[in-house]
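Undergrad: Contents of model17.csv (CSV, C-alpha atoms) are below:
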```csv
chain,number,residue,atom,x,y,z
A,60,MET,CA,90.6,120.0,35.0
A,61,LEU,CA,92.7,123.1,34.6
A,62,THR,CA,95.8,121.0,33.9
A,63,VAL,CA,94.0,119.0,31.2
A,64,SER,CA,92.7,122.2,29.6
A,65,LEU,CA,96.2,123.7,29.5
A,66,VAL,CA,97.6,120.5,27.9
A,67,LEU,CA,94.9,120.3,25.3
A,68,SER,CA,95.3,123.9,24.4
A,69,GLY,CA,99.0,123.4,23.9
A,70,CYS,CA,100.1,125.8,26.7
A,71,VAL,CA,101.8,123.0,28.7
A,72,PRO,CA,104.1,120.3,27.1
A,73,MET,CA,102.8,116.7,27.4
A,74,TRP,CA,105.8,115.6,29.5
A,75,THR,CA,104.7,117.9,32.2
A,76,GLY,CA,101.4,115.9,32.5
A,77,ASP,CA,103.5,112.7,32.8
A,78,GLU,CA,105.5,114.2,35.7
A,79,MET,CA,102.4,115.3,37.5
A,80,ARG,CA,100.9,111.8,37.2
A,81,GLU,CA,104.1,110.4,38.7
A,82,ASP,CA,104.0,113.0,41.5
A,83,ILE,CA,100.4,112.1,42.2
A,84,ALA,CA,101.2,108.4,42.3
A,85,ALA,CA,104.1,109.1,44.7
A,86,ILE,CA,101.8,111.2,47.0
A,87,GLN,CA,99.2,108.4,46.9
A,88,ALA,CA,101.8,105.8,47.8
A,89,GLU,CA,103.0,108.1,50.7
A,90,GLN,CA,99.4,108.5,51.9
A,91,GLN,CA,98.9,104.8,51.8
A,92,ALA,CA,102.1,104.1,53.8
A,93,SER,CA,101.0,106.7,56.4
A,94,LYS,CA,97.6,105.2,56.7
A,95,GLU,CA,99.1,101.7,57.2
A,96,SER,CA,101.6,103.0,59.8
A,97,PHE,CA,98.8,104.8,61.7
A,98,GLY,CA,96.6,101.7,61.5
A,99,ALA,CA,99.4,99.7,63.1
A,100,GLU,CA,99.9,102.3,65.8
A,101,ARG,CA,96.2,102.3,66.6
A,102,GLU,CA,96.2,98.5,66.8
A,103,ARG,CA,99.1,98.6,69.2
A,104,MET,CA,97.4,101.1,71.5
A,105,THR,CA,94.2,99.1,71.4
A,106,GLU,CA,96.2,96.0,72.6
A,107,MET,CA,97.8,98.1,75.4
A,108,ILE,CA,94.3,99.2,76.6
A,109,ALA,CA,93.1,95.6,76.5
A,110,SER,CA,96.1,94.5,78.5
A,111,ALA,CA,95.6,97.2,81.1
A,112,ARG,CA,92.0,96.2,81.5
A,113,LYS,CA,93.1,92.7,82.1
A,114,ASP,CA,95.5,93.8,84.8
A,115,VAL,CA,92.7,95.8,86.5
A,116,SER,CA,90.4,92.7,86.4
A,117,GLU,CA,93.1,90.4,87.9
A,118,LEU,CA,93.9,92.9,90.7
A,119,LYS,CA,90.2,93.1,91.6
A,120,GLU,CA,90.0,89.3,91.7
A,121,ILE,CA,93.0,89.2,94.1
A,122,LEU,CA,91.4,91.9,96.2
A,123,GLY,CA,88.1,90.0,96.4
A,124,GLU,CA,90.0,86.8,97.5
A,125,ALA,CA,91.8,88.7,100.2
A,126,ARG,CA,88.6,90.2,101.5
A,127,ALA,CA,86.9,86.8,101.6
A,128,LEU,CA,89.9,85.4,103.5
A,129,LEU,CA,89.7,88.2,106.0
A,130,GLN,CA,86.0,87.7,106.6
A,131,ARG,CA,86.5,83.9,107.1
A,132,ASN,CA,89.3,84.6,109.5
A,133,ASN,CA,87.1,87.0,111.5
A,134,ALA,CA,84.2,84.5,111.6
A,135,ASP,CA,86.2,81.4,112.4
A,136,LEU,CA,88.9,82.5,114.8
A,137,GLY,CA,86.6,83.7,117.5
A,138,VAL,CA,88.5,84.0,120.8
A,139,GLU,CA,91.8,83.5,118.9
A,140,VAL,CA,91.4,86.8,116.9
A,141,GLN,CA,93.4,88.7,119.5
A,142,ASN,CA,96.3,86.3,119.1
A,143,ASN,CA,96.2,86.7,115.3
A,144,ARG,CA,95.7,90.5,115.2
A,145,GLN,CA,99.1,91.0,113.7
A,146,ASP,CA,98.4,88.7,110.8
A,147,LEU,CA,95.0,90.3,110.1
A,148,SER,CA,96.6,93.8,110.3
A,149,LYS,CA,99.1,92.7,107.7
A,150,LEU,CA,96.3,91.3,105.5
A,151,ASN,CA,94.4,94.6,105.8
A,152,GLY,CA,97.6,96.4,104.7
A,153,THR,CA,97.8,94.2,101.7
A,154,ILE,CA,94.2,95.0,100.8
A,155,GLU,CA,94.8,98.7,101.1
A,156,GLU,CA,97.9,98.5,98.9
A,157,LEU,CA,96.0,96.5,96.3
A,158,GLU,CA,93.2,99.1,96.3
A,159,PHE,CA,95.8,101.8,95.9
A,160,LYS,CA,97.4,100.1,92.9
A,161,ILE,CA,94.0,99.4,91.3
A,162,LYS,CA,93.0,103.0,91.6
A,163,ARG,CA,96.3,104.2,90.1
A,164,LEU,CA,96.0,101.7,87.2
A,165,GLU,CA,92.4,102.8,86.5
A,166,GLN,CA,93.4,106.4,86.5
A,167,ASP,CA,96.4,105.8,84.3
A,168,LEU,CA,94.2,103.7,81.9
A,169,GLU,CA,91.7,106.5,81.8
A,170,LEU,CA,94.3,109.1,81.0
A,171,PHE,CA,95.9,106.8,78.4
A,172,LYS,CA,92.6,106.3,76.6
A,173,GLU,CA,92.0,110.1,76.6
A,174,ASP,CA,95.4,110.7,75.1
A,175,VAL,CA,94.8,108.0,72.4
A,176,ASP,CA,91.5,109.6,71.5
A,177,ILE,CA,93.1,113.0,71.1
A,178,ARG,CA,95.8,111.5,68.9
A,179,PHE,CA,93.2,109.8,66.7
A,180,GLU,CA,91.2,113.1,66.4
A,181,ASP,CA,94.2,115.0,65.1
A,182,GLY,CA,95.3,112.2,62.8
A,183,GLY,CA,98.2,111.1,65.0
A,184,ALA,CA,100.2,114.2,64.3
A,185,GLY,CA,100.6,115.3,67.9
A,186,SER,CA,102.3,118.6,68.9
A,187,SER,CA,106.0,119.1,68.5
A,188,LEU,CA,108.1,120.0,71.6
A,189,PRO,CA,111.2,122.1,71.9
A,190,THR,CA,114.4,120.0,72.3
A,191,GLU,CA,116.5,122.5,74.3
A,192,ALA,CA,116.1,122.4,78.1
A,193,GLU,CA,115.0,125.9,78.8
A,194,PRO,CA,112.4,126.2,75.9
A,195,LEU,CA,111.1,122.7,76.8
A,196,PHE,CA,110.5,123.6,80.4
A,197,GLN,CA,108.9,127.0,79.5
A,198,HIS,CA,106.6,125.2,77.1
A,199,GLY,CA,105.4,122.9,79.9
A,200,GLN,CA,105.1,125.9,82.3
A,201,LYS,CA,103.0,127.9,79.8
A,202,ALA,CA,100.8,124.9,79.1
A,203,TYR,CA,100.3,124.3,82.8
A,204,ASP,CA,99.4,127.9,83.5
A,205,ALA,CA,96.9,127.7,80.6
A,206,ASN,CA,95.3,124.5,82.2
A,207,ARG,CA,96.5,122.5,79.2
A,208,PHE,CA,97.6,119.7,81.5
A,209,ARG,CA,98.2,116.9,78.9
A,210,ASP,CA,100.4,119.2,76.9
A,211,ALA,CA,102.2,120.3,80.1
A,212,ARG,CA,102.8,116.6,81.1
A,213,ASN,CA,104.3,115.8,77.7
A,214,ALA,CA,106.8,118.6,78.1
A,215,PHE,CA,107.7,117.9,81.7
A,216,GLU,CA,108.1,114.2,81.1
A,217,GLN,CA,110.3,114.9,78.1
A,218,TYR,CA,112.3,117.4,80.2
A,219,LEU,CA,112.8,114.8,83.0
A,220,LYS,CA,113.8,112.2,80.5
A,221,SER,CA,116.3,114.4,78.7
A,222,TYR,CA,117.5,116.6,81.5
A,223,ALA,CA,117.1,114.6,84.7
A,224,SER,CA,119.8,116.7,86.4
A,225,GLY,CA,118.7,120.0,84.9
A,226,LYS,CA,118.1,123.1,87.0
A,227,HIS,CA,114.3,122.8,86.5
A,228,ALA,CA,114.1,119.1,87.3
A,229,ALA,CA,112.5,119.5,90.7
A,230,ASP,CA,110.0,122.1,89.4
A,231,ALA,CA,109.2,119.8,86.4
A,232,GLN,CA,108.5,116.9,88.7
A,233,TYR,CA,106.4,118.9,91.1
A,234,LEU,CA,104.3,120.5,88.3
A,235,LEU,CA,103.9,117.1,86.7
A,236,GLY,CA,102.3,115.9,90.0
A,237,MET,CA,100.2,119.1,90.2
A,238,SER,CA,98.9,118.5,86.7
A,239,TYR,CA,97.3,115.3,88.0
A,240,TYR,CA,96.3,116.9,91.3
A,241,ARG,CA,94.5,119.7,89.5
A,242,GLU,CA,92.4,117.0,87.6
A,243,SER,CA,91.6,115.2,90.9
A,244,GLN,CA,93.8,112.2,89.9
A,245,TRP,CA,94.8,111.8,93.5
A,246,VAL,CA,96.6,108.4,93.3
A,247,THR,CA,98.8,109.3,90.3
A,248,SER,CA,99.6,112.7,91.8
A,249,VAL,CA,100.8,111.1,95.0
A,250,PHE,CA,103.2,108.9,93.0
A,251,GLU,CA,104.6,111.8,91.2
A,252,PHE,CA,104.9,114.0,94.3
A,253,GLN,CA,106.8,111.2,96.0
A,254,LYS,CA,109.4,111.4,93.3
A,255,VAL,CA,110.1,115.0,94.3
A,256,VAL,CA,110.7,113.9,97.9
A,257,LYS,CA,112.9,111.0,96.9
A,258,ASN,CA,114.9,112.5,94.0
A,259,HIS,CA,115.1,116.2,94.9
A,260,GLU,CA,115.4,116.2,98.7
A,261,ARG,CA,117.3,119.5,98.8
A,262,SER,CA,114.7,121.4,96.8
A,263,ALA,CA,112.2,123.7,98.3
A,264,ARG,CA,109.6,121.8,96.3
A,265,VAL,CA,109.8,119.0,98.8
A,266,ALA,CA,107.7,121.0,101.2
A,267,ASP,CA,105.2,121.8,98.5
A,268,ALA,CA,105.0,118.1,97.4
A,269,SER,CA,104.6,116.9,101.0
A,270,TYR,CA,101.7,119.2,101.6
A,271,HIS,CA,99.9,118.1,98.5
A,272,ILE,CA,100.6,114.4,99.2
A,273,GLY,CA,98.8,115.0,102.5
A,274,VAL,CA,95.8,116.7,100.9
A,275,ALA,CA,95.5,114.0,98.2
A,276,LEU,CA,95.6,111.3,100.8
A,277,MET,CA,92.8,113.1,102.7
A,278,LYS,CA,90.8,113.2,99.5
A,279,MET,CA,91.1,109.4,99.4
A,280,GLY,CA,90.1,109.0,103.0
A,281,ARG,CA,93.6,107.9,104.1
A,282,CYS,CA,93.5,110.1,107.2
A,283,LYS,CA,96.3,108.5,109.2
A,284,GLN,CA,98.8,108.6,106.3
A,285,ALA,CA,97.8,112.2,105.5
A,286,GLY,CA,98.4,113.2,109.1
A,287,ALA,CA,101.9,111.7,108.9
A,288,TRP,CA,102.8,113.9,105.9
A,289,PHE,CA,101.4,117.0,107.6
A,290,ASP,CA,103.5,116.2,110.7
A,291,LEU,CA,106.5,116.0,108.5
A,292,LEU,CA,105.8,119.3,106.9
A,293,VAL,CA,105.2,121.1,110.3
A,294,ASP,CA,108.3,119.5,111.9
A,295,GLU,CA,110.8,119.7,109.1
A,296,TYR,CA,109.7,122.7,107.1
A,297,ALA,CA,108.4,125.1,109.6
A,298,SER,CA,109.0,128.1,107.3
A,299,SER,CA,106.9,126.7,104.5
A,300,LYS,CA,103.9,128.7,103.4
A,301,TRP,CA,101.8,125.5,103.8
A,302,VAL,CA,102.4,125.0,107.5
A,303,GLY,CA,99.3,126.9,108.6
A,304,GLN,CA,97.0,124.9,106.3
A,305,ALA,CA,98.8,121.7,107.3
A,306,ARG,CA,97.9,122.4,111.0
A,307,GLN,CA,94.3,123.1,110.0
A,308,HIS,CA,94.1,119.8,108.2
A,309,LYS,CA,95.6,118.0,111.2
A,310,ALA,CA,92.9,119.5,113.4
A,311,ASP,CA,90.2,118.4,110.9
A,312,ILE,CA,91.5,114.9,110.9
A,313,LYS,CA,91.5,114.8,114.7
A,314,ALA,CA,87.9,116.1,114.6
A,315,GLY,CA,86.9,113.3,112.2
A,316,LYS,CA,86.6,115.5,109.2
A,317,CYS,CA,88.5,113.3,106.8
A,318,SER,CA,86.6,111.0,104.5
A,319,GLU,CA,86.8,109.9,100.9
A,320,SER,CA,85.4,112.4,98.5
```
Give the structure from this file in structure tokens form.

TA:
Amino acid sequence: MLTVSLVLSGCVPMWTGDEMREDIAAIQAEQQASKESFGAERERMTEMIASARKDVSELKEILGEARALLQRNNADLGVEVQNNRQDLSKLNGTIEELEFKIKRLEQDLELFKEDVDIRFEDGGAGSSLPTEAEPLFQHGQKAYDANRFRDARNAFEQYLKSYASGKHAADAQYLLGMSYYRESQWVTSVFEFQKVVKNHERSARVADASYHIGVALMKMGRCKQAGAWFDLLVDEYASSKWVGQARQHKADIKAGKCSES
């Protein structure tokens, strides 16, 4: 309205109005292109979610078949069960492994959906991250300390991708696991902590990761596996600050105080 008034009053040359119309047209074209790009990204993410749900469904079907087979074996074998104990034990192990994978996939799917929702809410803009190693790690550390775990994960994952051999790599991997642990995402936290043990075996973070793997396994009711990690901590890292708590957890397991929660 102001522009039109100025043009009519002779205060602004007519060619300026033409330029403004061209600028507006360019902006509209850019907005349309952004809208189409974001729509394509949303469609791609929707397809990823559908694919992940399909994977969960298929794994559950396999688990159901395995359990049915185990039940039939127990009913039909009778006196021969003892001779086939090893096979049944192996089948039980397969079932536990499938359950573990299902839980992790479901947790990853839930986190992915939450991240997608957040991106849609802010128009897909996201938050920019530093590119240099030290600022990038510090960004993740500050976000973690502020309980902004998704932001922290983005920074730590980028750090590990760009600076896999950097001086903060072990800390970034451990804190990545802790970001899931703090949100009770036990399965995913175990997977991330295991990367500390595997890839940073000389780091002091191995003891920290081993302890939290044990606790996470206890939370899932995997008492025997949890005990093995506490044994490792007590035997190999006697000076760790977690040894006392590890011994207490071992006593709790022995007393039967270990169940899924």

Undergrad: At a cut-off of 6 Å from (117.5, 119.0, 79.4) in the coordinates of the file, what residues are picked up using all atoms listed in the file, written as a PDB file with C-alpha atoms, in the coordinates of the input?

TA:
```pdb
ATOM      1  CA  ALA A 192     116.100 122.400  78.100  1.00  0.00           C
ATOM      2  CA  TYR A 218     112.300 117.400  80.200  1.00  0.00           C
ATOM      3  CA  SER A 221     116.300 114.400  78.700  1.00  0.00           C
ATOM      4  CA  TYR A 222     117.500 116.600  81.500  1.00  0.00           C
ATOM      5  CA  GLY A 225     118.700 120.000  84.900  1.00  0.00           C
TER       6      GLY A 225
END
```

Undergrad: For Trp245 in chain A, which residue out of A:Arg281, A:Arg261, A:Lys226, A:Lys113 is the nearest one, using only C-alpha atoms?

TA: A:Arg281

Undergrad: What gap, in Å, lies between CA of Glu260 in chain A and CA of Phe215 in chain A?

TA: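 Atom-to-atom, CA of Glu260 in chain A to CA of Phe215 in chain A, that is 18.7 Å.
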
Undergrad: To one decimal place in Å, what is the distance between CA of Tyr203 in chain A and CA of Met237 in chain A?

TA: 9.0 Å

Undergrad: Need to verify the contact set: range 232-236 of chain A, 6 Å, all atoms listed in the file, exclusion of same-chain residues closer than 5 positions in sequence. Can you return it as a PyMOL selection string?

TA: chain A and resi 212+248+251-252

Undergrad: Quick one: of A:Ala231, A:Ser243, A:Asn258, A:Ile108, who's nearest to His198 in chain A, counting only C-alpha atoms?

TA: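 Looking only at the distances to His198 in chain A, the closest residue turns out to be A:Ala231.
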
Undergrad: Which residue is closest to Trp301 in chain A? Choose from A:Ala314, A:Ala223, A:Ala268, A:Met277 and count only C-alpha atoms.

TA: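 Of A:Ala314, A:Ala223, A:Ala268, A:Met277, the one nearest Trp301 in chain A is A:Ala268, counting only C-alpha atoms.
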
Undergrad: List the spatial neighbours of Val256 in chain A as a list of chain:residue names - criterion: any atom at most 12 Å away, only C-alpha atoms, same-chain residues fewer than 5 positions off excluded.

TA: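 Final neighbour list, sorted by chain and number: A:Ala229, A:Asp230, A:Gln232, A:Tyr233, A:Gly236, A:Val249, A:Phe250, A:Glu251, A:Arg261, A:Ser262, A:Ala263, A:Arg264, A:Val265, A:Ala266, A:Asp267, A:Ala268, A:Ser269, A:Tyr270, A:His271, A:Ile272, A:Trp288, A:Leu291, A:Leu292.
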
Undergrad: How far is it from CA of Leu195 in chain A to CA of Gln217 in chain A, in Å with one decimal?

TA: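 Straight-line distance from CA of Leu195 in chain A to CA of Gln217 in chain A works out to 7.9 Å.
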